[in-house]
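For reference, the structure discussed in these notes is given below.
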Number of protein chains: 2
Amino acid sequence: MTTENAAGTGGPDREYADLGATTENAMAIAETSMDRVREIVPHETLADRIRGKSVHATGDPEFQHLIRFTGATDDDELAADAAIADGGPADADDQPVRAGARAVLDSRPIVTDITMVKAGITGRGHDCPVRKAIGNGTELAERTGMTRTAASVLELDRDGVYDDAIAVVGNAPTAALALADCIEDGTRPAVVVATPVGFVKAAESRARLREVAAAHGVPTITNVGRRGGSGLAAGLTNELIHVASDVRQGAIDAAWVPESPETS
Amino acid sequence: MTTENAAGTGGPDREYADLGATTENAMAIAETSMDRVREIVPHETLADRIRGKSVHATGDPEFQHLIRFTGATDDDELAADAAIADGGPADADDQPVRAGARAVLDSRPIVTDITMVKAGITGRGHDCPVRKAIGNGTELAERTGMTRTAASVLELDRDGVYDDAIAVVGNAPTAALALADCIEDGTRPAVVVATPVGFVKAAESRARLREVAAAHGVPTITNVGRRGGSGLAAGLTNELIHVASDVRQGAIDAAWVPESPETS
């Protein structure tokens with residue numbers, strides 16, 4: 001198995017190494033680890049990078065099959081899809097990865113549900129402000145009895161925080177459900193990464209998020225099933241940052257991550 | 001399925017609800033979630049609580065079979081084991097859970113490998129100082145090329161931080177390997193919780209930790225296989241805090257978590 005990346009979907013190995021890895025040993029481990037992942041997961045498309053990262057983050061080769069994508073529906077994005085598909089390997093599932101990388105390049109805020117997910121977002125390779133929802137909406141939670149995470153999402157949304165943001169839910173199904181409600185009510189995140197875990201509403205919250213997001217053209221990266229969690233959500237978000245770094249360094253053709261209408 | 005806990009191993013459901021859950025909905029979800037886990041995992045012994053928490057944290061019923069325990073080997077602890085086994089349901093695997101709960105009751109430091117694991121430790125139900133290793137040992141890492149996390153563990157160990165502490169490794173296999181070296185060299189954590197994840201050295205680092213810890217009587221809670229991660233490590237540590245809370249509130253017989261020789 002070659003350690004070269006497929007054309008256009010990655011950089012040299014050193015670039016693909018975990019951005020948090022700065023010492024020789026750490027970079028060797030990060031590279032060997034991604035080499036192992038590449039033996040297991042195809043690495044042709046941008047979506048493959050997210051699937052590969054899910055395997056890397058969970059230590060489970062099967063996780064690649066649990067990742068789901070929903071894409072934008074507007075004409076600009078669909079035209080970009082068609083143009084990109086003409087120019088190289090592409091996957092209908094690439095669009096949310098492009099949208100996420102574009103949002104990173106535009107230094108859009110990364111908004112996580114809980115502190116633990118925020119703590120897992122790499123500090124390197126981007127200038128996005130990173131904030132967490134939890135801690136907001138305390139009064140709303142106490143008054144209504146809803147979860148603190150759901151209330152925190154609704155509170156931030158009232159201030160417009162989620163529009164054009166990278167919205168990340170790693171832990172709380174009720175945060176994912178609240179975010180779905182916000183999207184239904186008109187909020188438009190640049191991309192949603194949602195992998196809440198557990199036996200109560202986790203899979204259901206992601207299914208509802210996919211349904212609402214697909215109806216409104218909001219790109220999402222989620223998984224199916226009960227598994228997931230904060231480490232996975234942070235890992236997938238970090239992979240969007242890695243893709244953006246590869247665009248910035250020329251390892252991915254910038255045409256693959258077109259500027260959004262607002263910024264061009 | 002009853003929602004009552006087995007005698008001695010838990011409190012009323014409300015007490016078992018996630019300590020982070022404060023609103024009505026959150027407590028309802030936390031309780032339903034643990035009810036689902038109790039349908040899947042036996043809940044007779046203290047070790048079962050850790051196995052159950054692993055299922056809760058990963059969303060995967062099979063994870064209960066991947067948890068491993070090593071126990072203390074000194075005479076005091078073995079005598080305590082025998083006494084407890086006479087008095088109620090017990091499991092040879094309970095000892096590290098008792099050691100962990102005792103360390104929480106004694107407000108010993110919780111020392112995590114990385115920030116993300118620290119962020120996942122509940123702030124309720126304990127007075128343990130919580131600190132992370134990462135950020136220490138920078139000079140050592142740069143000089144030797146070892147990983148930053150391994151260097152950070154060695155640096156903290158030089159200051160005696162890990163003796164009698166609750167040592168938690170959620171992410172970095174090299175931190176687990178460094179901790180094993182420290183134990184071999186005489187360091188004695190109160191308990192080690194280690195669930196580093198991945199394809200390079202993760203399973204091997206936990207195997208080495210178990211071997212060294214068993215040889216030196218250091219209680220450990222780990223898993224086998226490539227899976228694991230920060231969320232799991234934080235969840236298992238939080239379960240030690242929950243057990244300590246149940247002891248404090250009388251839901252678990254205090255005799256189950258005997259005072260350590262130093263504090264009695």
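In the structure tokens, chains take letters A, B, ... by order of appearance, with residues numbered from 1 within each chain and ligands from 1 in the order shown.
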**OP:** Within 9 Å of chain A, which residues of chain B are there when counting only C-alpha atoms? Please give them as a ChimeraX atom specification.
**Re:** /B:21-27,29-30,32-34,36-37,55-60,114-121,141-142,144-149,174,197-201,225-231
Original post:
If you count only C-alpha atoms, which residues fall within 12 Å of Val212 (chain A), apart from same-chain ones fewer than 5 positions away, as JSON, numbers by chain?
Top reply: {"A": [70, 71, 72, 176, 177, 178, 179, 180, 181, 182, 183, 184, 185, 186, 187, 188, 192, 205, 206, 207, 217, 218, 219, 220]}
Serialized selection, all heavy atoms, as a compact mmCIF listing (two decimals), in the first residue's frame:
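Dumped to again_31.txt:
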# COMPACT_ATOMS: atom_id res chain seq x y z
N THR A 70 -25.20 15.15 4.28
CA THR A 70 -26.26 15.81 3.48
C THR A 70 -25.64 17.08 2.93
O THR A 70 -24.76 17.68 3.55
CB THR A 70 -27.52 16.17 4.30
OG1 THR A 70 -27.22 17.26 5.18
CG2 THR A 70 -28.03 14.98 5.10
N GLY A 71 -26.10 17.49 1.75
CA GLY A 71 -25.44 18.61 1.07
C GLY A 71 -26.32 19.81 0.87
O GLY A 71 -27.50 19.81 1.18
N ALA A 72 -25.68 20.83 0.34
CA ALA A 72 -26.40 22.05 -0.01
C ALA A 72 -27.31 21.75 -1.20
O ALA A 72 -27.12 20.77 -1.92
CB ALA A 72 -25.41 23.14 -0.37
N ALA A 176 -28.64 18.60 19.48
CA ALA A 176 -28.85 18.33 18.05
C ALA A 176 -30.31 18.59 17.67
O ALA A 176 -30.60 19.16 16.62
CB ALA A 176 -28.46 16.88 17.72
N LEU A 177 -31.23 18.20 18.56
CA LEU A 177 -32.65 18.45 18.29
C LEU A 177 -32.95 19.95 18.28
O LEU A 177 -33.70 20.44 17.43
CB LEU A 177 -33.52 17.75 19.35
CG LEU A 177 -33.54 16.21 19.27
CD1 LEU A 177 -34.23 15.62 20.50
CD2 LEU A 177 -34.23 15.74 17.98
N ALA A 178 -32.35 20.68 19.22
CA ALA A 178 -32.56 22.13 19.27
C ALA A 178 -32.01 22.78 18.00
O ALA A 178 -32.63 23.68 17.43
CB ALA A 178 -31.89 22.72 20.51
N LEU A 179 -30.84 22.30 17.56
CA LEU A 179 -30.23 22.85 16.34
C LEU A 179 -31.13 22.58 15.13
O LEU A 179 -31.28 23.45 14.26
CB LEU A 179 -28.84 22.24 16.16
CG LEU A 179 -27.91 22.87 15.14
CD1 LEU A 179 -27.66 24.34 15.46
CD2 LEU A 179 -26.59 22.11 15.11
N ALA A 180 -31.72 21.40 15.08
CA ALA A 180 -32.65 21.08 13.99
C ALA A 180 -33.83 22.05 14.01
O ALA A 180 -34.26 22.54 12.95
CB ALA A 180 -33.14 19.63 14.12
N ASP A 181 -34.34 22.36 15.20
CA ASP A 181 -35.44 23.33 15.32
C ASP A 181 -35.01 24.70 14.79
O ASP A 181 -35.77 25.37 14.09
CB ASP A 181 -35.89 23.46 16.78
CG ASP A 181 -36.67 22.23 17.25
OD1 ASP A 181 -37.09 21.42 16.39
OD2 ASP A 181 -36.86 22.09 18.48
N CYS A 182 -33.79 25.10 15.13
CA CYS A 182 -33.28 26.40 14.68
C CYS A 182 -33.20 26.45 13.16
O CYS A 182 -33.57 27.45 12.53
CB CYS A 182 -31.90 26.67 15.28
SG CYS A 182 -31.89 26.80 17.08
N ILE A 183 -32.72 25.36 12.55
CA ILE A 183 -32.61 25.30 11.09
C ILE A 183 -34.00 25.38 10.46
O ILE A 183 -34.22 26.09 9.48
CB ILE A 183 -31.85 24.03 10.65
CG1 ILE A 183 -30.38 24.13 11.09
CG2 ILE A 183 -31.96 23.81 9.14
CD1 ILE A 183 -29.60 22.83 10.97
N GLU A 184 -34.94 24.67 11.06
CA GLU A 184 -36.32 24.72 10.57
C GLU A 184 -36.86 26.14 10.64
O GLU A 184 -37.67 26.56 9.80
CB GLU A 184 -37.18 23.76 11.40
CG GLU A 184 -38.42 23.30 10.70
CD GLU A 184 -38.95 22.01 11.32
OE1 GLU A 184 -39.02 21.94 12.57
OE2 GLU A 184 -39.28 21.08 10.56
N ASP A 185 -36.41 26.88 11.63
CA ASP A 185 -36.89 28.26 11.82
C ASP A 185 -36.07 29.29 11.05
O ASP A 185 -36.28 30.49 11.22
CB ASP A 185 -36.86 28.63 13.31
CG ASP A 185 -37.91 27.85 14.11
OD1 ASP A 185 -38.80 27.25 13.47
OD2 ASP A 185 -37.83 27.84 15.35
N GLY A 186 -35.11 28.82 10.23
CA GLY A 186 -34.43 29.77 9.34
C GLY A 186 -32.93 29.94 9.55
O GLY A 186 -32.27 30.61 8.76
N THR A 187 -32.36 29.36 10.60
CA THR A 187 -30.92 29.46 10.84
C THR A 187 -30.17 28.65 9.78
O THR A 187 -30.61 27.56 9.40
CB THR A 187 -30.59 28.95 12.25
OG1 THR A 187 -31.29 29.75 13.19
CG2 THR A 187 -29.10 29.02 12.53
N ARG A 188 -29.04 29.20 9.32
CA ARG A 188 -28.28 28.53 8.26
C ARG A 188 -26.81 28.40 8.62
O ARG A 188 -25.98 29.21 8.20
CB ARG A 188 -28.43 29.29 6.93
CG ARG A 188 -29.85 29.33 6.37
CD ARG A 188 -30.30 27.95 5.89
NE ARG A 188 -31.70 27.95 5.48
CZ ARG A 188 -32.71 27.56 6.28
NH1 ARG A 188 -32.47 27.15 7.52
NH2 ARG A 188 -33.95 27.58 5.84
N VAL A 192 -22.89 21.50 9.63
CA VAL A 192 -23.16 20.91 10.95
C VAL A 192 -22.40 19.59 11.05
O VAL A 192 -22.47 18.77 10.13
CB VAL A 192 -24.67 20.65 11.16
CG1 VAL A 192 -24.92 19.94 12.48
CG2 VAL A 192 -25.47 21.95 11.08
N SER A 205 -31.97 11.99 17.09
CA SER A 205 -31.67 13.42 16.93
C SER A 205 -30.87 13.65 15.66
O SER A 205 -31.07 14.65 14.96
CB SER A 205 -30.90 13.94 18.16
OG SER A 205 -29.56 13.48 18.17
N ARG A 206 -29.97 12.73 15.35
CA ARG A 206 -29.18 12.88 14.12
C ARG A 206 -30.04 12.67 12.88
O ARG A 206 -29.86 13.34 11.85
CB ARG A 206 -27.99 11.93 14.14
CG ARG A 206 -26.92 12.35 15.15
CD ARG A 206 -25.69 11.47 15.09
NE ARG A 206 -25.55 10.59 16.23
CZ ARG A 206 -25.86 9.31 16.29
NH1 ARG A 206 -26.32 8.70 15.20
NH2 ARG A 206 -25.70 8.62 17.40
N ALA A 207 -30.97 11.73 12.97
CA ALA A 207 -31.88 11.48 11.83
C ALA A 207 -32.73 12.72 11.57
O ALA A 207 -32.92 13.13 10.41
CB ALA A 207 -32.77 10.27 12.12
N GLY A 217 -31.14 22.64 2.74
CA GLY A 217 -29.86 22.83 2.07
C GLY A 217 -28.70 23.14 2.99
O GLY A 217 -27.72 23.76 2.59
N VAL A 218 -28.80 22.69 4.23
CA VAL A 218 -27.68 22.88 5.17
C VAL A 218 -26.79 21.63 5.14
O VAL A 218 -27.27 20.53 5.37
CB VAL A 218 -28.19 23.12 6.61
CG1 VAL A 218 -27.03 23.12 7.60
CG2 VAL A 218 -28.97 24.42 6.69
N PRO A 219 -25.51 21.78 4.82
CA PRO A 219 -24.62 20.62 4.75
C PRO A 219 -24.40 20.02 6.15
O PRO A 219 -24.17 20.77 7.11
CB PRO A 219 -23.31 21.19 4.22
CG PRO A 219 -23.64 22.56 3.68
CD PRO A 219 -24.82 23.04 4.47
N THR A 220 -24.46 18.71 6.25
CA THR A 220 -24.22 18.05 7.54
C THR A 220 -23.29 16.85 7.38
O THR A 220 -23.26 16.20 6.34
CB THR A 220 -25.52 17.52 8.19
OG1 THR A 220 -26.05 16.44 7.39
CG2 THR A 220 -26.57 18.62 8.34
Original post:
Looking at only C-alpha atoms, which of A:Leu105, A:Ile50, A:Ile252, A:Ala167 is the one that sits closest to Val191 (chain A)?
Top reply: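 Selected residue with least distance to Val191 (chain A): A:Ala167.
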**OP:** Measure the distance from CA of Leu46 (chain B) to CA of Val97 (chain B) in Å and round it to one decimal.
**Re:**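 CA of Leu46 (chain B) sits 6.4 Å away from CA of Val97 (chain B).
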**OP:** Apply DSSP to the backbone of this structure and, from region 155-262 of chain A, keep only the residues in strand (DSSP E or B); write these as JSON, numbers by chain.
**Re:** {"A": [166, 167, 168, 169, 191, 192, 193, 194, 220, 221, 222, 223]}
**OP:** Check the smallest atom-to-atom distance from each of A:Asp48, A:His126, A:His43, A:Gly137 to Arg102 (chain A) using only C-alpha atoms, then report the winner.
**Re:** A:His126
**OP:** Could you give me, as a ChimeraX atom specification, each residue of region 77-254 of chain B that DSSP assigns to alpha helix (DSSP H) when run on this structure's backbone?
**Re:** /B:77-87,95-105,115-120,138-144,148-158,173-184,202-216,230-248
**OP:** Have a look at CA of Ala203 (chain B) and CA of Val153 (chain B) and let me know their distance in Å, one decimal.
**Re:**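 Computing the Euclidean distance for CA of Ala203 (chain B) and CA of Val153 (chain B) yields 18.7 Å.
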Original post:
Which neighbours of Asn223 (chain B) fall inside 6 Å, counting only C-alpha atoms, when residues of the same chain fewer than 6 positions from it are skipped, and could you give them as a count of residues only?
Top reply: 3
Original post:
Looking at only C-alpha atoms, which of B:His65, B:Val224, B:Asp91, B:Leu156 is the one that sits closest to Glu44 (chain B)?
Top reply: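 The closest residue to Glu44 (chain B) is B:Asp91.
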Original post:
With only C-alpha atoms as the atoms that count, which of B:Val161, B:Ala214, B:Ala47, B:Ala175 lies nearest to Val111 (chain B)?
Top reply: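 Closest candidate: B:Val161.
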Subject >> Shortest interatomic distance to Asp246 (chain A) - which of A:Ile110, A:Ala213, A:Thr195, A:Ala101, counting only C-alpha atoms >> reply: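 That would be A:Ala101, the residue with the smallest distance to Asp246 (chain A).
Here CA of Val257 (chain B) stands at a distance of 8.4 Å from CA of Ala244 (chain B).
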